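Listing of query-v4.cif; format and content: mmCIF, C-alpha atoms.
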data_work
#
loop_
_atom_site.label_atom_id
_atom_site.label_comp_id
_atom_site.auth_asym_id
_atom_site.auth_seq_id
_atom_site.Cartn_x
_atom_site.Cartn_y
_atom_site.Cartn_z
CA ALA N 1 51.62 131.03 -10.97
CA GLN N 2 51.67 134.34 -12.73
CA SER N 3 54.93 136.18 -13.22
CA VAL N 4 56.12 139.43 -14.72
CA THR N 5 59.53 140.41 -16.08
CA GLN N 6 60.50 144.03 -16.54
CA LEU N 7 63.55 144.48 -18.75
CA GLY N 8 65.87 147.19 -17.49
CA SER N 9 65.93 148.33 -13.88
CA HIS N 10 66.87 151.90 -14.89
CA VAL N 11 65.98 153.97 -17.92
CA SER N 12 67.33 157.45 -18.59
CA VAL N 13 65.70 159.66 -21.21
CA SER N 14 65.98 163.26 -22.30
CA GLU N 15 63.07 165.58 -21.77
CA GLY N 16 60.87 165.37 -24.87
CA ALA N 17 62.15 161.93 -25.89
CA LEU N 18 60.20 158.69 -26.13
CA VAL N 19 59.78 156.67 -22.96
CA LEU N 20 59.61 152.90 -23.49
CA LEU N 21 59.33 150.50 -20.55
CA ARG N 22 59.23 146.79 -21.29
CA CYS N 23 57.06 144.19 -19.57
CA ASN N 24 56.64 140.51 -20.41
CA TYR N 25 54.27 138.26 -18.56
CA SER N 26 53.67 134.60 -17.96
CA SER N 27 50.01 134.01 -17.43
CA SER N 28 47.07 131.83 -18.25
CA VAL N 29 44.68 133.30 -20.77
CA PRO N 30 43.31 135.87 -20.39
CA PRO N 31 45.93 137.93 -18.58
CA TYR N 32 44.88 140.79 -16.34
CA LEU N 33 47.64 143.38 -16.61
CA PHE N 34 48.34 146.69 -14.91
CA TRP N 35 50.94 149.44 -14.89
CA TYR N 36 51.49 151.39 -11.68
CA VAL N 37 53.70 154.42 -10.99
CA GLN N 38 55.40 155.25 -7.70
CA TYR N 39 56.71 158.73 -7.00
CA PRO N 40 59.32 159.15 -4.26
CA ASN N 41 58.02 158.43 -0.76
CA GLN N 42 54.53 157.68 -2.04
CA GLY N 43 52.38 154.65 -2.66
CA LEU N 44 51.55 153.16 -6.04
CA GLN N 45 49.10 154.85 -8.38
CA LEU N 46 47.34 153.13 -11.24
CA LEU N 47 48.52 154.30 -14.68
CA LEU N 48 46.41 151.97 -16.80
CA LYS N 49 44.99 148.47 -17.02
CA TYR N 50 44.35 145.97 -19.79
CA THR N 51 40.67 145.18 -20.11
CA SER N 52 40.66 143.00 -23.27
CA ALA N 53 38.40 145.53 -25.00
CA ALA N 54 41.33 146.92 -26.98
CA THR N 55 44.98 146.02 -27.43
CA LEU N 56 46.10 149.66 -27.11
CA VAL N 57 45.28 151.02 -23.69
CA LYS N 58 45.46 154.70 -22.82
CA GLY N 59 46.23 155.78 -19.28
CA ILE N 60 46.83 158.91 -17.30
CA ASN N 61 49.57 161.48 -17.89
CA GLY N 62 49.89 160.63 -21.60
CA PHE N 63 51.02 157.01 -21.10
CA GLU N 64 49.75 154.10 -23.13
CA ALA N 65 50.47 150.39 -23.35
CA GLU N 66 50.03 147.85 -26.10
CA PHE N 67 49.02 144.27 -25.37
CA LYS N 68 50.65 141.75 -27.73
CA LYS N 69 49.51 138.24 -27.07
CA SER N 70 51.95 136.66 -29.52
CA GLU N 71 54.87 138.27 -27.68
CA THR N 72 53.31 138.00 -24.18
CA SER N 73 54.17 141.66 -23.74
CA PHE N 74 52.52 144.76 -22.35
CA HIS N 75 55.07 147.54 -22.95
CA LEU N 76 54.45 151.07 -21.65
CA THR N 77 55.20 154.13 -23.75
CA LYS N 78 54.94 157.89 -23.67
CA PRO N 79 55.83 159.89 -26.81
CA SER N 80 57.42 162.84 -25.04
CA ALA N 81 58.96 162.63 -21.58
CA HIS N 82 58.43 165.35 -19.02
CA MET N 83 60.48 166.01 -15.92
CA SER N 84 57.48 165.02 -13.82
CA ASP N 85 57.66 161.48 -15.27
CA ALA N 86 60.69 160.69 -13.12
CA ALA N 87 59.46 157.84 -10.94
CA GLU N 88 59.50 154.07 -10.57
CA TYR N 89 57.14 152.06 -12.76
CA PHE N 90 55.77 148.62 -12.03
CA CYS N 91 54.07 146.13 -14.29
CA ALA N 92 51.74 143.67 -12.55
CA VAL N 93 49.56 140.70 -13.44
CA SER N 94 46.53 139.50 -11.52
CA ASP N 95 45.54 135.89 -11.01
CA ARG N 96 42.00 134.61 -10.57
CA ASP N 97 42.28 135.01 -6.79
CA TYR N 98 42.74 138.74 -7.39
CA LYS N 99 46.32 138.69 -6.11
CA LEU N 100 48.86 140.84 -7.95
CA SER N 101 52.33 139.69 -8.95
CA PHE N 102 54.67 142.60 -9.59
CA GLY N 103 57.72 143.02 -11.72
CA ALA N 104 60.92 144.28 -10.12
CA GLY N 105 60.27 147.82 -11.30
CA THR N 106 61.96 150.28 -13.66
CA THR N 107 63.24 153.62 -12.43
CA VAL N 108 62.93 156.42 -14.97
CA THR N 109 65.25 159.41 -14.88
CA VAL N 110 64.51 162.38 -17.10
CA ARG N 111 67.42 164.59 -18.19
CA ALA N 112 66.85 168.26 -18.90
CA ASN S 1 38.55 160.97 0.26
CA ALA S 2 41.37 159.63 2.40
CA GLY S 3 41.51 156.29 0.52
CA VAL S 4 43.96 153.95 2.25
CA THR S 5 45.63 155.30 5.40
CA GLN S 6 48.67 153.67 6.98
CA THR S 7 50.18 154.42 10.37
CA PRO S 8 52.89 155.01 11.34
CA LYS S 9 54.77 156.42 8.33
CA PHE S 10 58.19 155.69 9.81
CA GLN S 11 59.41 153.41 12.59
CA VAL S 12 62.74 152.19 13.94
CA LEU S 13 62.79 149.02 16.01
CA LYS S 14 65.41 146.96 17.73
CA THR S 15 65.77 143.27 16.93
CA GLY S 16 63.25 141.25 18.93
CA GLN S 17 60.78 144.07 19.49
CA SER S 18 57.17 143.73 18.38
CA MET S 19 55.17 146.15 16.30
CA THR S 20 51.75 146.46 14.70
CA LEU S 21 51.29 148.35 11.45
CA GLN S 22 47.82 149.79 11.01
CA CYS S 23 45.82 150.16 7.81
CA ALA S 24 42.35 151.57 7.26
CA GLN S 25 40.35 152.22 4.10
CA ASP S 26 37.24 154.30 3.66
CA MET S 27 36.15 153.01 0.23
CA ASN S 28 33.97 150.15 1.52
CA HIS S 29 36.26 147.60 -0.15
CA ASN S 30 36.03 143.94 0.82
CA SER S 31 39.57 142.89 -0.12
CA MET S 32 42.69 144.15 1.61
CA TYR S 33 46.38 143.32 1.17
CA TRP S 34 49.76 143.75 2.82
CA TYR S 35 52.93 143.96 0.71
CA ARG S 36 56.58 144.56 1.39
CA GLN S 37 58.80 146.45 -1.06
CA ASP S 38 62.51 145.77 -1.25
CA PRO S 39 64.99 147.22 -3.78
CA GLY S 40 65.08 145.27 -7.03
CA MET S 41 62.29 142.92 -5.96
CA GLY S 42 59.12 144.86 -6.63
CA LEU S 43 56.28 144.30 -4.19
CA ARG S 44 55.71 140.91 -2.61
CA LEU S 45 52.43 139.87 -1.02
CA ILE S 46 52.63 139.04 2.68
CA TYR S 47 48.97 138.39 3.57
CA TYR S 48 45.60 139.26 2.17
CA SER S 49 41.99 139.27 3.28
CA ALA S 50 39.21 138.68 0.79
CA SER S 51 36.54 139.70 3.26
CA GLU S 52 35.97 140.53 6.91
CA GLY S 53 36.87 137.52 9.02
CA THR S 54 39.10 135.81 6.47
CA THR S 55 42.85 135.99 5.94
CA ASP S 56 45.25 134.04 3.73
CA LYS S 57 49.00 133.78 3.30
CA GLY S 58 50.74 135.37 0.39
CA GLU S 59 54.22 134.83 -0.99
CA VAL S 60 56.26 135.85 2.09
CA PRO S 61 54.18 135.33 5.29
CA ASN S 62 56.89 134.03 7.64
CA GLY S 63 57.46 136.28 10.65
CA TYR S 64 54.16 138.13 10.25
CA ASN S 65 50.59 137.88 11.49
CA VAL S 66 47.51 139.80 10.42
CA SER S 67 44.13 140.73 11.80
CA ARG S 68 41.12 141.85 9.82
CA LEU S 69 39.53 143.80 12.62
CA ASN S 70 36.47 144.87 10.62
CA LYS S 71 35.71 145.77 7.03
CA ARG S 72 37.77 148.98 7.23
CA GLU S 73 40.87 147.85 9.11
CA PHE S 74 43.61 145.32 8.38
CA SER S 75 46.66 145.24 10.65
CA LEU S 76 50.06 143.60 10.24
CA ARG S 77 52.03 142.44 13.28
CA LEU S 78 55.69 141.62 13.66
CA GLU S 79 55.98 139.54 16.83
CA SER S 80 59.78 139.50 17.04
CA ALA S 81 61.32 141.86 14.55
CA ALA S 82 64.44 140.79 12.61
CA PRO S 83 66.80 142.92 10.47
CA SER S 84 65.56 141.00 7.39
CA GLN S 85 62.17 142.63 7.92
CA THR S 86 63.60 146.10 7.27
CA SER S 87 61.46 147.21 4.35
CA VAL S 88 58.72 149.51 3.16
CA TYR S 89 55.30 148.06 3.86
CA PHE S 90 52.24 148.89 1.77
CA CYS S 91 48.62 148.22 2.44
CA ALA S 92 46.14 148.08 -0.43
CA SER S 93 42.43 147.52 -0.90
CA ARG S 94 40.28 146.52 -3.81
CA VAL S 95 36.62 146.68 -4.72
CA ASP S 96 34.94 143.39 -5.55
CA GLY S 97 33.90 142.68 -9.08
CA SER S 98 35.85 141.81 -12.19
CA ILE S 99 39.43 140.64 -11.95
CA ASN S 100 40.75 143.78 -13.62
CA GLN S 101 39.58 146.06 -10.83
CA PRO S 102 42.79 147.73 -9.57
CA GLN S 103 44.15 147.80 -6.07
CA HIS S 104 44.43 151.14 -4.25
CA PHE S 105 47.56 151.70 -2.17
CA GLY S 106 48.46 153.63 0.95
CA ASP S 107 51.61 155.74 1.19
CA GLY S 108 53.56 153.07 3.05
CA THR S 109 55.30 152.50 6.38
CA ARG S 110 59.08 152.69 6.30
CA LEU S 111 60.38 150.24 8.90
CA SER S 112 64.01 149.87 9.98
CA ILE S 113 65.11 147.12 12.32
CA LEU S 114 68.49 147.48 13.97
#

Could you show the structure in this file as structure tokens?
Amino acid sequence: AQSVTQLGSHVSVSEGALVLLRCNYSSSVPPYLFWYVQYPNQGLQLLLKYTSAATLVKGINGFEAEFKKSETSFHLTKPSAHMSDAAEYFCAVSDRDYKLSFGAGTTVTVRA
Amino acid sequence: NAGVTQTPKFQVLKTGQSMTLQCAQDMNHNSMYWYRQDPGMGLRLIYYSASEGTTDKGEVPNGYNVSRLNKREFSLRLESAAPSQTSVYFCASRVDGSINQPQHFGDGTRLSIL
């Protein structure tokens, strides 16, 4: 079974600082990986997905993630945090039955 | 486009009451899913339906039933609600095709059971 571990349930960053959210997966090759964002009282929105075409994946709102097979990681970054980035972020892996397994989530707080 | 629509948005039940959560999608997707979200646990799959007329159990199916009424609609029923089922419930749908096609989520139903 696939599984995902997100390190750190809460991350606090200053506005303009780097955002780094960690995700490690346990999956058969190839992994099918996603990052979703959830704003308060809303559903999940897709930030980006790993397609195997490139190890560095660019998503919406300036986020990107790097797939590292040797580290079984798919960490999410954004060079400069904005107040609007305050949300909960979920890493997820899909199995061959198209079911998603989610990490526990990381809540990002942005300080002015 | 409405995408995935869930009703109701909020509901309070008493222990033992029954309830059906409704979900409809207008994207012509074959696959639909029900998740529950609890603090510190991410989203956990309750049931899913790969196509009209088929349903399968997910990770946490106990206490729930589902109906895939047609291609658009996928409902979740709590026959005898328990406080442990207090949660936020999300419905999602997905287009067929490659495995890395993403799921699209509704805004959730916030359910409290007293």

- Apply the PyMOL selection byres ((chain N and resi 36) around 10) to the displayed file and report the matching residues as a PyMOL selection string. (chain N and resi 34-35+37-38+43-49+88-92+102+105) or (chain S and resi 102-103)

- Message: Between atom CA of Lys58 of chain N and atom CA of Pro31 of chain N, what distance in Å does the model show, to one decimal?
- Response: 17.3 Å

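Take atom CA of Pro61 of chain S and atom CA of Leu111 of chain S: the distance between them is 16.5 Å.
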
- Ground truth for the PyMOL selection byres ((chain S) within 6 of (chain N)), written as an MDAnalysis selection string: chainID S and resid 40:43 99:100 105:107

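Residues matching the PyMOL selection byres ((chain S and resi 16) around 10) in this structure come to S:Leu13, S:Lys14, S:Thr15, S:Gln17, S:Ser18, S:Met19, S:Leu78, S:Glu79, S:Ser80, S:Ala81, S:Ala82, S:Pro83, S:Ile113, S:Leu114.
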
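Taking atom CA of Ser51 of chain S and atom CA of Ala24 of chain S as endpoints, the distance between them is 13.8 Å.
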
- Task: Quick one: everything within 10 Å of Thr20 of chain S, counting only C-alpha atoms, minus sequence neighbours fewer than 5 positions away in the same chain. Send it as number ranges by chain.
- Result: S: 7-8, 64-67, 75-79

Store the residues of this selection in a file with C-alpha atoms, as a PDB file, in the coordinates of the input.
ATOM      1  CA  THR S   7      50.180 154.420  10.370  1.00  0.00           C
ATOM      2  CA  PRO S   8      52.890 155.010  11.340  1.00  0.00           C
ATOM      3  CA  TYR S  64      54.160 138.130  10.250  1.00  0.00           C
ATOM      4  CA  ASN S  65      50.590 137.880  11.490  1.00  0.00           C
ATOM      5  CA  VAL S  66      47.510 139.800  10.420  1.00  0.00           C
ATOM      6  CA  SER S  67      44.130 140.730  11.800  1.00  0.00           C
ATOM      7  CA  SER S  75      46.660 145.240  10.650  1.00  0.00           C
ATOM      8  CA  LEU S  76      50.060 143.600  10.240  1.00  0.00           C
ATOM      9  CA  ARG S  77      52.030 142.440  13.280  1.00  0.00           C
ATOM     10  CA  LEU S  78      55.690 141.620  13.660  1.00  0.00           C
ATOM     11  CA  GLU S  79      55.980 139.540  16.830  1.00  0.00           C
TER      12      GLU S  79
END

- Just the residues within 10 Å of Thr72 of chain N, please, counting only C-alpha atoms, with nothing from its chain fewer than 5 positions along; format it as a list in words. Val4, Cys23, Asn24, Tyr25, Ser26, Ser27, Pro31 and Phe67 of chain N

Residues from the last selection, C-alpha atoms, saved as a compact mmCIF listing (two decimals), in the coordinates of the input:
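Result file is part_34.txt:
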# COMPACT_ATOMS: atom_id res chain seq x y z
CA VAL N 4 56.12 139.43 -14.72
CA CYS N 23 57.06 144.19 -19.57
CA ASN N 24 56.64 140.51 -20.41
CA TYR N 25 54.27 138.26 -18.56
CA SER N 26 53.67 134.60 -17.96
CA SER N 27 50.01 134.01 -17.43
CA PRO N 31 45.93 137.93 -18.58
CA PHE N 67 49.02 144.27 -25.37

List the residues sitting within 6 Å of (54.0, 148.6, -27.0) in the file's frame, using all atoms listed in the file, as a short mmCIF file (atom, residue, chain, number, x, y, z; two decimals) with C-alpha atoms, in the frame of the given file.
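The resulting file, selection.cif, is reproduced below:
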data_model
loop_
_atom_site.label_atom_id
_atom_site.label_comp_id
_atom_site.auth_asym_id
_atom_site.auth_seq_id
_atom_site.Cartn_x
_atom_site.Cartn_y
_atom_site.Cartn_z
CA ALA N 65 50.47 150.39 -23.35
CA GLU N 66 50.03 147.85 -26.10
CA HIS N 75 55.07 147.54 -22.95
CA LEU N 76 54.45 151.07 -21.65
#

- Using all atoms listed in the file, which residue out of S:Met27, S:Leu21, S:Leu69, S:Val4 lies closest to Thr54 of chain S? S:Leu69

- Message: Quick one: residues within 7 Å of Tyr35 of chain S, all atoms listed in the file, excluding same-chain residues fewer than 4 positions away - as a VMD selection string?
- Response: chain S and resid 43 to 46 89 to 91

- Pick out the closest residue to Ser73 of chain N from this set: N:Pro40, N:Val13, N:Leu56, N:Ala112. Count only C-alpha atoms. N:Leu56

- Contacts of Ser49 of chain S within 6 Å, only C-alpha atoms, excl. fewer than 3 positions in-chain, as a list in words: Ser31, Met32, Thr54 and Thr55 of chain S

Go ahead and write the selection's residues with C-alpha atoms as a PDB file, keeping the file's coordinate frame.
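result-v7.pdb was written with the following content:
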ATOM      1  CA  SER S  31      39.570 142.890  -0.120  1.00  0.00           C
ATOM      2  CA  MET S  32      42.690 144.150   1.610  1.00  0.00           C
ATOM      3  CA  THR S  54      39.100 135.810   6.470  1.00  0.00           C
ATOM      4  CA  THR S  55      42.850 135.990   5.940  1.00  0.00           C
TER       5      THR S  55
END

- Hey, can you pull every residue with an atom no more than 8 Å from (55.3, 158.6, 7.8), using all atoms listed in the file, and send it as an MDAnalysis selection string? chainID S and resid 7:10 108:110

Box time for segment 92-105 of chain S: axis-aligned, enclosing all its listed atoms, 5 Å extra on each side; report centre and edge lengths in Å to one decimal, as JSON.
{"center_x": 40.7, "center_y": 146.2, "center_z": -7.0, "size_x": 23.7, "size_y": 21.1, "size_z": 23.2}

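Of the listed residues N:Leu7, N:Ala81, N:Val110, N:Ala17, the one whose atoms come nearest to Asn61 of chain N is N:Ala81, with distances taken using all atoms listed in the file.
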
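In this comparison, which uses all atoms listed in the file, the residue of S:His104, S:Ala50, S:Ser84, S:Gly97 approaching Arg68 of chain S most closely is S:Ala50.
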